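S.K.: This structure is in structure tokens; I'll ask about it shortly.
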Amino acid sequence: MNIRLMVFSLLVLAGPRVFSQSPRLQYSDPEKEDSRRTNFEIMGKIGNDVLVYKNNRNDHVVGVYGDDMKLKETIKLDFVPDRLINIDYIAYPDRILLFYQYQKKRVVYCDHVALGAGGKIQGTPLTLDTTEVNSSSNNKIYTIVNSDDKQKIMLFKVNSSNPRNFVVTSFLYNTQLDLITRNRSEVAMADKNEYFSDFQLSNAGELVVGRFQRAGNNNDVIAAVDMLIKYPDSLAFSQRNVDIGKQVLDNIMIKIDNSNNRVLMSSFYSRQKRGNMEGLYVVNWNKADNTKIMDTAIFFNEEIRVLAKGNEANRKTALNDFYIKNIYTRKDGGYAVVSESLYTTSRYNNFNRWDYMGWGNPWAGPMGYGYWSPYYSPWSMPWSRYGWNAPTQTRFFADNVLVLSFDKDNRLEWSNVISKSQFDDETDNLISYGNMNTGSEVHFLFNTFERRTFVLTDQSLDAAGKLTRYPTYKNLDKGYEFMPRFAKQVSARQLVIPCLYRNYLCFARVDF
């Protein structure tokens, strides 16, 4: 009896380790229309259904997948015209707002429609704005951004026909697409090597963007930065110089911290042009009055360099292939910067970060018809989203993920690394990582190469920087190749990951 009681006590103390279960996977069936070249977006979840937008040539559909990930229905988007330029969407618990732009003759239209339960179209498509252009083009003109709480939506376009004076026309909406404000603002561009960072919208409806000037022989370094904020009740952008000092920046990323009414700007920096990355430059910016709170140049010591690249790496060049992927904010004013080691090799060239920067910035203008619009590359590299347009005989690499956590005063709290070593030829679809935030920890899901096949791996970090390496998923079906960097979290405990099965596109839902 005592022995039984002792064994039972040990099991109770072991708790979650004994009784924990691996995440459960449900796979969709491969559809003959969906190949590895199908364009897709995991849109979100309404009720128990997962909605996925798919495009094959001129066919635009929404696949509705049930709780068992079986395809329940395919909704044809018959209203989408042949000359489609771009589709954007914003997902809510009860509907998905779909925005699409297309050209008829010399006019580009931006329309929207709502999809409800079961992917059903609600109402008829409505036009938000039109723009007359000089010629036919596949480049998108309009950009949609939304606030973190999704209560504010902004549609904007940038006319760059005058390279010295860009005109930004913006439309601010609420969640019902009721127009709040419409503005036309001019932004002086003093130099042909000036560009914009990504645009972001605050919960209060402020449009925030960084304007930076590149210098050097190949425009490969940032020499000056301005912060531009367009307030909802003002006609013009408020513009302030950031004064980056002697730091030579390579690419900036901004993040609105709505909880603390500020903007964070971050970039790796060096001390000279085309020099090795010395550390991380961070700016805390007051969003209310568009002024600098503080800035800090955080030097990477040997401990961080060894952590990022290992003992065998060259310490001086250890951070040269890391690119900032995300900035995560906390309510207490702290934040975390996540970067990943990304590079390529080719039979003809081994690109480095200065080649990528000099290749051309996605925010550059003007285009031939006088309008341009930004796009986002998760790689900070000049390849296409799906990797089909990469130069021939190119090998893509995605190695360690470095996570640095800071307090509200920019002091480093902890650092850790998600260790991985990935590569693939001619495409980057199966490498890099996807995230799943369960509240208590953030999961990093990525493929590891074992026994000549990719295996989905899960490691997580909690708020204190503790790293947990979970066992390999037990119920992985053979033949499925996961593309975790295109995964989408659709609920508090569910993630949908696109995958390939015998060159057919399908999807796996992961229940945590």
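Starting from 1 in every chain, residues are counted up; chains themselves are A, B, ... following the order of the structure tokens, and ligands are numbered from 1 as listed.
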Hey, what's within 10 Å of Pro30 of chain A if we count only C-alpha atoms and toss same-chain stuff fewer than 5 positions away? As number ranges by chain, please?
M.R.: A: 35, 70-71, 499-507
S.K.: Those residues you just picked out, can you put them in a file as an mmCIF file, in the first residue's frame with N, CA and C atoms?
M.R.:
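out.cif, written as the output of this step:
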data_model
loop_
_atom_site.group_PDB
_atom_site.id
_atom_site.type_symbol
_atom_site.label_atom_id
_atom_site.label_comp_id
_atom_site.auth_asym_id
_atom_site.auth_seq_id
_atom_site.Cartn_x
_atom_site.Cartn_y
_atom_site.Cartn_z
ATOM 1 N N SER A 35 -1.582 23.561 -56.430
ATOM 2 C CA SER A 35 -0.222 23.053 -56.565
ATOM 3 C C SER A 35 0.734 23.909 -55.750
ATOM 4 N N LYS A 70 -11.518 19.346 -43.172
ATOM 5 C CA LYS A 70 -12.036 18.895 -44.455
ATOM 6 C C LYS A 70 -12.620 20.107 -45.190
ATOM 7 N N LEU A 71 -12.409 20.162 -46.490
ATOM 8 C CA LEU A 71 -12.927 21.271 -47.280
ATOM 9 C C LEU A 71 -14.448 21.183 -47.363
ATOM 10 N N CYS A 499 1.313 23.400 -46.100
ATOM 11 C CA CYS A 499 2.274 22.329 -46.329
ATOM 12 C C CYS A 499 2.095 21.783 -47.742
ATOM 13 N N LEU A 500 3.089 21.037 -48.159
ATOM 14 C CA LEU A 500 3.069 20.408 -49.479
ATOM 15 C C LEU A 500 2.990 18.900 -49.316
ATOM 16 N N TYR A 501 2.147 18.281 -50.106
ATOM 17 C CA TYR A 501 2.049 16.825 -50.132
ATOM 18 C C TYR A 501 2.106 16.383 -51.590
ATOM 19 N N ARG A 502 3.234 15.792 -51.969
ATOM 20 C CA ARG A 502 3.457 15.372 -53.358
ATOM 21 C C ARG A 502 3.198 16.527 -54.330
ATOM 22 N N ASN A 503 3.746 17.690 -53.979
ATOM 23 C CA ASN A 503 3.658 18.906 -54.794
ATOM 24 C C ASN A 503 2.271 19.530 -54.825
ATOM 25 N N TYR A 504 1.359 19.043 -53.992
ATOM 26 C CA TYR A 504 0.043 19.659 -53.853
ATOM 27 C C TYR A 504 0.008 20.489 -52.572
ATOM 28 N N LEU A 505 -0.673 21.624 -52.647
ATOM 29 C CA LEU A 505 -0.804 22.495 -51.490
ATOM 30 C C LEU A 505 -1.934 22.013 -50.585
ATOM 31 N N CYS A 506 -1.654 21.929 -49.300
ATOM 32 C CA CYS A 506 -2.699 21.618 -48.312
ATOM 33 C C CYS A 506 -2.358 22.339 -47.013
ATOM 34 N N PHE A 507 -3.146 22.110 -45.972
ATOM 35 C CA PHE A 507 -2.998 22.868 -44.748
ATOM 36 C C PHE A 507 -3.151 21.952 -43.537
#
S.K.: Find the nearest atom pair between each residue of segment 392-434 of chain A and segment 458-466 of chain A for residues within 7 Å, count only C-alpha atoms, give distances in Å to one decimal, sort rows by chain and ascending number, and present the table as a tab-separated table.
M.R.:
residue	atom	partner	partner_atom	distance
A:Trp414	CA	A:Gly465	CA	6.4
A:Ser415	CA	A:Gly465	CA	6.9
A:Asn416	CA	A:Gly465	CA	6.6
S.K.: Could you check the closest approach to Ser161 of chain A for each of A:Thr344, A:Ser405, A:Asn134, A:Asn146 and tell me which residue wins, using only C-alpha atoms?
M.R.: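 Closest to Ser161 of chain A, using only C-alpha atoms: A:Asn134.
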S.K.: Would you kindly return, as a PyMOL selection string, each protein, DNA or RNA residue with an atom no farther than 12 Å from any atom of Met483 of chain A, considering only C-alpha atoms and excluding same-chain residues fewer than 2 positions away?
M.R.: chain A and resi 36+386+427-435+445-448+454-457+480-481+485-488+496-501+505-508
S.K.: Record the distance separating atom CA of Arg262 of chain A and atom CA of Ala190 of chain A, expressed in Å with one decimal.
M.R.: 26.7 Å
S.K.: So which one's closest to Gly210 of chain A, A:Asn251, A:Thr329, A:Ser419, A:Ser440? Using only C-alpha atoms, please.
M.R.: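 Answer, going by the shortest atom-to-atom distance: A:Asn251.
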S.K.: Could you tell me which of A:Ile180, A:Val145, A:Val209, A:Ala398 comes closest to Tyr343 of chain A if we count only C-alpha atoms?
M.R.: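 Among the listed residues, A:Ala398 lies closest to Tyr343 of chain A.
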S.K.: Quick one: everything within 7 Å of Gln393 of chain A, counting only C-alpha atoms, minus sequence neighbours fewer than 3 positions away in the same chain. Send it as a JSON list (two decimals) with C-alpha atoms, in the first residue's frame.
M.R.:
[["chain", "number", "residue", "atom", "x", "y", "z"],
["A", 346, "SER", "CA", 25.03, 31.30, -55.57],
["A", 347, "ARG", "CA", 27.21, 29.78, -58.21],
["A", 426, "GLU", "CA", 16.04, 27.55, -55.40]]
S.K.: Need to verify the contact set: Met253 of chain A, 9 Å, only C-alpha atoms, exclusion of same-chain residues closer than 2 positions in sequence. Can you return it as a list in words?
M.R.: Ser197, Asp198, Gly210, Asn251, Lys255, Leu264, Met265, Ser266, Ser267, Ile324, Lys325, Asn326 and Ile327 of chain A
S.K.: Set the distance at 12 Å and use only C-alpha atoms: which residues neighbour Ile304 of chain A once local chain neighbours fewer than 2 positions away are removed? I'd like the list as a PyMOL selection string.
M.R.: chain A and resi 278-280+298-302+306-311+315-316+318-319+402-404+412+414-417
